[in-house]
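Reviewing the structure listed below.
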Amino acid sequence: VLHEVTEIDRGGQRVRVRSDEERWEPFDELLIATGALPLRPDLPGLDGPGVYGAHTLSEAGELFEALERDRPSRAVVVGGGYIGLEMAEAFRRRGLHVSLVDQARQVMGTLDPDMGVLVADALERIGVELYLEEGLKAVESEGGRARAVITGNRTLAADVVVLGLGVRPNVALAEGAKIPLGESGAISVDERMRTEAEGIWAAGDCVETFHRVSRKPFHVALGTVANRQGRVAGINLGGGAATFPGVVGTAVSKICELEVARTGLQEKELRELGWEFETARIESRTRAHYFPGSGKITVKILWEKRSGRLVGGQIVGVEGAAKRIDVLALAVTLGLTAQDLVDMDLSYAPPFSPVWDPVQTAARTALR
Ligand SMILES: Cc1cc2nc3c(=O)[nH]c(=O)nc-3n(C[C@H](O)[C@H](O)[C@H](O)COP(=O)(O)OP(=O)(O)OC[C@H]3O[C@@H](n4cnc5c(N)ncnc54)[C@H](O)[C@@H]3O)c2cc1C
């Protein structure tokens, strides 16, 4: 730790390392796992006091200390992805007044709009003010503290500002060594996690992967994917044989009282691919309707019209909702149809689901 690699010398099979001093370190095989970097647009005031990222533990620590020390009362979160939304909720739970700004039309852009709106409603119910379709223009500070966030439409008072604007693959080292990148801008690797440079491997947020539904190159920054890729690279580096077949875009998070999950392709992506598709969306319960703790769950499935195979699923609901996405992730991975889902022998007892699991109810609606 506290050693930064500043250069890869491919021909010399060595890396330049900077810590207290600088030295060259030789390698036989090299694995690049440099992760991702938070997006920071070149706008006035973003490096100013009172503006925080939420990317590393040390950033979170600094923010936490500032909250304890300065007791701010107004927070503005910029970015309505899962990290921004989790931060907005956390600020509300600490009693701050919270505004959330996003240039998009909806929060949680990885969901279709009809599912994203459920998440927006939950945020508004706990008092988060949403300012959508408003781009960030600048952050103003005064006397060593944040003062306001300027959007395209208004000025929002702010004592503390958090940026959750997404990430990009951290590829500077690879680029410096002329290791080829893919079309997403992440490092290009094969199924064994080998880059196109002899003896150099890569895994995690810095690499491009393959989307098993769209059959296209894809970049995703998730710990699930990074872990599995790391394992594959490690097995291969250790002399074994393993492959990483790609992803279907499964992700899950918890926003307020809602569990939010998605897999496969969403409507926007399907339209971009030019695929004909249909959707079904149902409301059901997480447990038998009479069982204590039973709550609402909304399930949406998307299938390709031509073949009938499932190509996507989204779930929003109370406790017990989210992990049902794993059944849909499996269905999407295997190219199953709604009929296959209906025929599946899924479990039931009142504490866990209605007799028909909500994912099967969605499949029945699809068949109708
Ligand atoms: C707030 C937050 C919440 C998240 N929640 C989830 C979640 O719920 N589920 C999920 O699946 N994923 C989640 N993720 C994503 C997950 O953390 C990442 O996908 C995962 O950590 C990627 O692993 P990695 O090893 O590729 O990169 P990282 O974990 O980012 O590790 C990269 C490491 O490389 C080091 N490094 C970079 N450049 C150099 C260099 N030149 N020399 C030496 N060292 C270098 C960095 O310091 C870092 O330690 C979350 C991320 C954030 C920020």
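Chain lettering (A, B, ...) mirrors the order of the structure tokens, residue numbering begins at 1 for each chain separately, and ligand numbering begins at 1 in order of display.
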Near ligand 1, 8 Å: chain A residue rows, closest pairs, only C-alpha atoms and all ligand atoms, as a Markdown table:
| residue | atom | partner | partner_atom_place_in_ligand_line | distance |
| --- | --- | --- | --- | --- |
| A:Val1 | CA | ligand 1 | 44 (N) | 7.7 |
| A:Leu2 | CA | ligand 1 | 43 (C) | 7.7 |
| A:His3 | CA | ligand 1 | 43 (C) | 5.8 |
| A:Glu4 | CA | ligand 1 | 42 (N) | 3.6 |
| A:Val5 | CA | ligand 1 | 42 (N) | 3.9 |
| A:Thr6 | CA | ligand 1 | 41 (N) | 5.5 |
| A:Glu7 | CA | ligand 1 | 41 (N) | 7.9 |
| A:Val17 | CA | ligand 1 | 42 (N) | 7.6 |
| A:Ala33 | CA | ligand 1 | 26 (O) | 5.3 |
| A:Thr34 | CA | ligand 1 | 34 (O) | 3.8 |
| A:Gly35 | CA | ligand 1 | 27 (O) | 3.3 |
| A:Ala36 | CA | ligand 1 | 30 (O) | 5.6 |
| A:Leu37 | CA | ligand 1 | 30 (O) | 7.7 |
| A:Ala54 | CA | ligand 1 | 1 (C) | 5.3 |
| A:His55 | CA | ligand 1 | 53 (C) | 3.8 |
| A:Thr56 | CA | ligand 1 | 53 (C) | 6.0 |
| A:Ile83 | CA | ligand 1 | 1 (C) | 5.6 |
| A:Asn170 | CA | ligand 1 | 38 (N) | 7.0 |
| A:Leu173 | CA | ligand 1 | 41 (N) | 6.4 |
| A:Ala203 | CA | ligand 1 | 26 (O) | 6.3 |
| A:Gly204 | CA | ligand 1 | 26 (O) | 3.3 |
| A:Asp205 | CA | ligand 1 | 26 (O) | 3.9 |
| A:Cys206 | CA | ligand 1 | 26 (O) | 6.1 |
| A:Val220 | CA | ligand 1 | 19 (O) | 7.8 |
| A:Ala221 | CA | ligand 1 | 19 (O) | 4.3 |
| A:Leu222 | CA | ligand 1 | 19 (O) | 3.2 |
| A:Gly223 | CA | ligand 1 | 11 (O) | 3.5 |
| A:Thr224 | CA | ligand 1 | 11 (O) | 4.4 |
| A:Val225 | CA | ligand 1 | 11 (O) | 6.9 |
| A:Ala226 | CA | ligand 1 | 23 (O) | 5.0 |
| A:Asn227 | CA | ligand 1 | 23 (O) | 7.0 |
| A:Gly230 | CA | ligand 1 | 25 (O) | 7.7 |
| A:Ala251 | CA | ligand 1 | 11 (O) | 7.0 |
| A:Val252 | CA | ligand 1 | 8 (O) | 7.0 |
| A:Ser253 | CA | ligand 1 | 8 (O) | 6.3 |
Polymer residues at most 7 Å from region 283-296 of chain A, only C-alpha atoms, same-chain spacing of 2 or more positions, as JSON, numbers by chain: {"A": [298, 299, 317, 318, 320, 321, 350, 351, 352, 353, 354, 358]}
Nearest to Ala197 (chain A) by atom-to-atom distance, counting only C-alpha atoms, from A:Ala88, A:Ile32, A:Val107, A:Ala146: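 Ranking A:Ala88, A:Ile32, A:Val107, A:Ala146 by distance to Ala197 (chain A), first place goes to A:Ile32.
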Residues flagged alpha helix (DSSP H) by DSSP in region 70-240 of chain A, as a PyMOL selection string: chain A and resi 70+82-93+113-125+172-176+223-237
Can you write just those residues out, N, CA and C atoms, as a tab-separated table (two decimals), in the first residue's frame?
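Final file, selection_1.tsv:
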chain	number	residue	atom	x	y	z
A	70	ASP	N	-18.93	20.20	11.53
A	70	ASP	CA	-19.58	21.46	11.11
A	70	ASP	C	-21.09	21.44	11.27
A	82	TYR	N	-27.28	4.96	-8.10
A	82	TYR	CA	-27.51	4.35	-6.79
A	82	TYR	C	-26.67	4.98	-5.69
A	83	ILE	N	-25.46	5.42	-6.01
A	83	ILE	CA	-24.61	6.00	-4.95
A	83	ILE	C	-25.17	7.35	-4.51
A	84	GLY	N	-25.57	8.19	-5.45
A	84	GLY	CA	-26.18	9.48	-5.10
A	84	GLY	C	-27.45	9.30	-4.27
A	85	LEU	N	-28.26	8.33	-4.66
A	85	LEU	CA	-29.53	8.11	-3.95
A	85	LEU	C	-29.28	7.58	-2.54
A	86	GLU	N	-28.32	6.67	-2.41
A	86	GLU	CA	-27.99	6.16	-1.07
A	86	GLU	C	-27.47	7.29	-0.19
A	87	MET	N	-26.68	8.19	-0.78
A	87	MET	CA	-26.16	9.33	-0.01
A	87	MET	C	-27.30	10.27	0.39
A	88	ALA	N	-28.23	10.53	-0.54
A	88	ALA	CA	-29.36	11.43	-0.23
A	88	ALA	C	-30.16	10.87	0.94
A	89	GLU	N	-30.41	9.57	0.90
A	89	GLU	CA	-31.16	8.95	1.99
A	89	GLU	C	-30.40	9.08	3.32
A	90	ALA	N	-29.09	8.82	3.25
A	90	ALA	CA	-28.28	8.88	4.48
A	90	ALA	C	-28.30	10.29	5.09
A	91	PHE	N	-28.21	11.32	4.24
A	91	PHE	CA	-28.29	12.70	4.74
A	91	PHE	C	-29.64	12.97	5.40
A	92	ARG	N	-30.72	12.50	4.77
A	92	ARG	CA	-32.05	12.72	5.35
A	92	ARG	C	-32.13	12.06	6.72
A	93	ARG	N	-31.57	10.86	6.81
A	93	ARG	CA	-31.66	10.13	8.09
A	93	ARG	C	-30.86	10.84	9.18
A	113	PRO	N	-38.40	4.14	-17.06
A	113	PRO	CA	-39.03	5.27	-16.36
A	113	PRO	C	-40.20	4.85	-15.46
A	114	ASP	N	-41.01	3.86	-15.92
A	114	ASP	CA	-42.18	3.47	-15.11
A	114	ASP	C	-41.77	2.77	-13.82
A	115	MET	N	-40.54	2.27	-13.74
A	115	MET	CA	-40.04	1.66	-12.50
A	115	MET	C	-39.23	2.68	-11.69
A	116	GLY	N	-38.49	3.54	-12.40
A	116	GLY	CA	-37.70	4.57	-11.72
A	116	GLY	C	-38.58	5.52	-10.92
A	117	VAL	N	-39.79	5.77	-11.40
A	117	VAL	CA	-40.68	6.71	-10.71
A	117	VAL	C	-41.05	6.19	-9.31
A	118	LEU	N	-41.07	4.87	-9.14
A	118	LEU	CA	-41.37	4.31	-7.82
A	118	LEU	C	-40.27	4.69	-6.83
A	119	VAL	N	-39.04	4.72	-7.32
A	119	VAL	CA	-37.90	5.07	-6.47
A	119	VAL	C	-37.96	6.58	-6.14
A	120	ALA	N	-38.29	7.38	-7.17
A	120	ALA	CA	-38.40	8.83	-6.95
A	120	ALA	C	-39.47	9.12	-5.89
A	121	ASP	N	-40.60	8.40	-5.98
A	121	ASP	CA	-41.68	8.61	-5.00
A	121	ASP	C	-41.19	8.31	-3.58
A	122	ALA	N	-40.43	7.22	-3.44
A	122	ALA	CA	-39.93	6.83	-2.10
A	122	ALA	C	-39.01	7.90	-1.54
A	123	LEU	N	-38.18	8.49	-2.41
A	123	LEU	CA	-37.27	9.56	-1.95
A	123	LEU	C	-38.06	10.78	-1.52
A	124	GLU	N	-39.08	11.13	-2.32
A	124	GLU	CA	-39.89	12.31	-1.97
A	124	GLU	C	-40.66	12.07	-0.68
A	125	ARG	N	-41.07	10.83	-0.45
A	125	ARG	CA	-41.81	10.52	0.79
A	125	ARG	C	-40.97	10.78	2.03
A	172	ALA	N	-5.19	4.91	-17.36
A	172	ALA	CA	-4.03	5.74	-17.71
A	172	ALA	C	-2.76	4.89	-17.85
A	173	LEU	N	-2.55	3.98	-16.90
A	173	LEU	CA	-1.33	3.14	-16.94
A	173	LEU	C	-1.31	2.29	-18.21
A	174	ALA	N	-2.46	1.67	-18.49
A	174	ALA	CA	-2.54	0.80	-19.67
A	174	ALA	C	-2.32	1.61	-20.95
A	175	GLU	N	-2.96	2.77	-21.01
A	175	GLU	CA	-2.81	3.63	-22.19
A	175	GLU	C	-1.36	4.03	-22.39
A	176	GLY	N	-0.70	4.39	-21.27
A	176	GLY	CA	0.70	4.80	-21.32
A	176	GLY	C	1.57	3.71	-21.91
A	223	GLY	N	-18.72	-4.67	-7.98
A	223	GLY	CA	-17.90	-5.58	-7.19
A	223	GLY	C	-18.16	-7.04	-7.53
A	224	THR	N	-19.41	-7.35	-7.90
A	224	THR	CA	-19.75	-8.72	-8.29
A	224	THR	C	-18.88	-9.17	-9.47
A	225	VAL	N	-18.85	-8.33	-10.48
A	225	VAL	CA	-18.13	-8.64	-11.72
A	225	VAL	C	-16.63	-8.64	-11.45
A	226	ALA	N	-16.15	-7.62	-10.72
A	226	ALA	CA	-14.72	-7.50	-10.43
A	226	ALA	C	-14.21	-8.74	-9.70
A	227	ASN	N	-15.00	-9.21	-8.73
A	227	ASN	CA	-14.58	-10.40	-7.97
A	227	ASN	C	-14.47	-11.63	-8.86
A	228	ARG	N	-15.47	-11.83	-9.71
A	228	ARG	CA	-15.45	-13.03	-10.56
A	228	ARG	C	-14.33	-12.94	-11.58
A	229	GLN	N	-14.11	-11.73	-12.11
A	229	GLN	CA	-13.02	-11.58	-13.08
A	229	GLN	C	-11.67	-11.80	-12.40
A	230	GLY	N	-11.54	-11.29	-11.18
A	230	GLY	CA	-10.29	-11.45	-10.43
A	230	GLY	C	-9.98	-12.92	-10.20
A	231	ARG	N	-11.03	-13.69	-9.91
A	231	ARG	CA	-10.85	-15.12	-9.67
A	231	ARG	C	-10.38	-15.81	-10.95
A	232	VAL	N	-11.01	-15.46	-12.06
A	232	VAL	CA	-10.64	-16.08	-13.35
A	232	VAL	C	-9.19	-15.74	-13.69
A	233	ALA	N	-8.83	-14.45	-13.54
A	233	ALA	CA	-7.45	-14.04	-13.84
A	233	ALA	C	-6.48	-14.79	-12.93
A	234	GLY	N	-6.84	-14.91	-11.67
A	234	GLY	CA	-5.96	-15.57	-10.69
A	234	GLY	C	-5.74	-17.04	-11.01
A	235	ILE	N	-6.83	-17.73	-11.39
A	235	ILE	CA	-6.70	-19.15	-11.75
A	235	ILE	C	-5.76	-19.29	-12.94
A	236	ASN	N	-5.97	-18.44	-13.94
A	236	ASN	CA	-5.13	-18.52	-15.14
A	236	ASN	C	-3.67	-18.17	-14.85
A	237	LEU	N	-3.47	-17.13	-14.03
A	237	LEU	CA	-2.10	-16.75	-13.67
A	237	LEU	C	-1.42	-17.86	-12.88
Polymer residues at most 12 Å from Arg309 (chain A), only C-alpha atoms, same-chain spacing of 2 or more positions, as a ChimeraX atom specification: /A:213,264,276-279,301-307,311-313,328,331-341,363,366-367
Gly182 (chain A) surroundings by only C-alpha atoms, 8 Å radius, close-in-sequence under 3 positions cut, as a PyMOL selection string: chain A and resi 185-188+208+217
For Pro26 (chain A): contacts at 7 Å, only C-alpha atoms, fewer than 3 positions along chain excluded, given as a ChimeraX atom specification: /A:13-15
8 Å contact set for Ser73 (chain A), only C-alpha atoms, chain neighbours under 2 positions out, as a list in words: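 Near neighbours after the sequence-gap exclusion: Arg71, Ala75, Gly95, Leu96, His97 and Asp159 of chain A.
If you look at CA of Val161 (chain A) and CA of Ser58 (chain A), they are 16.3 Å away from each other.
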Every residue of region 107-301 of chain A that DSSP places in strand (DSSP E or B), as a ChimeraX atom specification: /A:129-132,136-142,145-151,155-157,160-163,167-169,181,187,194,200-202,207,209-211,217-218,247,251-255,258-264,277-285,296-301
Separation of CA of Val248 (chain A) from CA of Val327 (chain A) in Å: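 Taking CA of Val327 (chain A) and CA of Val248 (chain A), their separation equals 12.6 Å.
One distance worth recording is that between CA of Leu181 (chain A) and CA of Pro169 (chain A), which is 10.2 Å.
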A:Ile297, A:Leu31, A:Leu265, A:Leu163 ranked by distance to His211 (chain A), top pick (using only C-alpha atoms):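 Among the listed residues, A:Leu265 lies closest to His211 (chain A).
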Nearest-residue call for Glu191 (chain A), choices A:Val247, A:Val139, A:Met344, A:Ile179, using only C-alpha atoms: A:Val247
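Restricting the calculation to only C-alpha atoms, the smallest distance between Ala280 (chain A) and any of A:Ala148, A:Leu100, A:Ala158, A:Val359 is found for A:Val359.
For the choices A:Lys323, A:Arg271, A:Val76, A:Gly246, the atom-to-atom distance to Glu259 (chain A) is smallest for A:Lys323 when using only C-alpha atoms.
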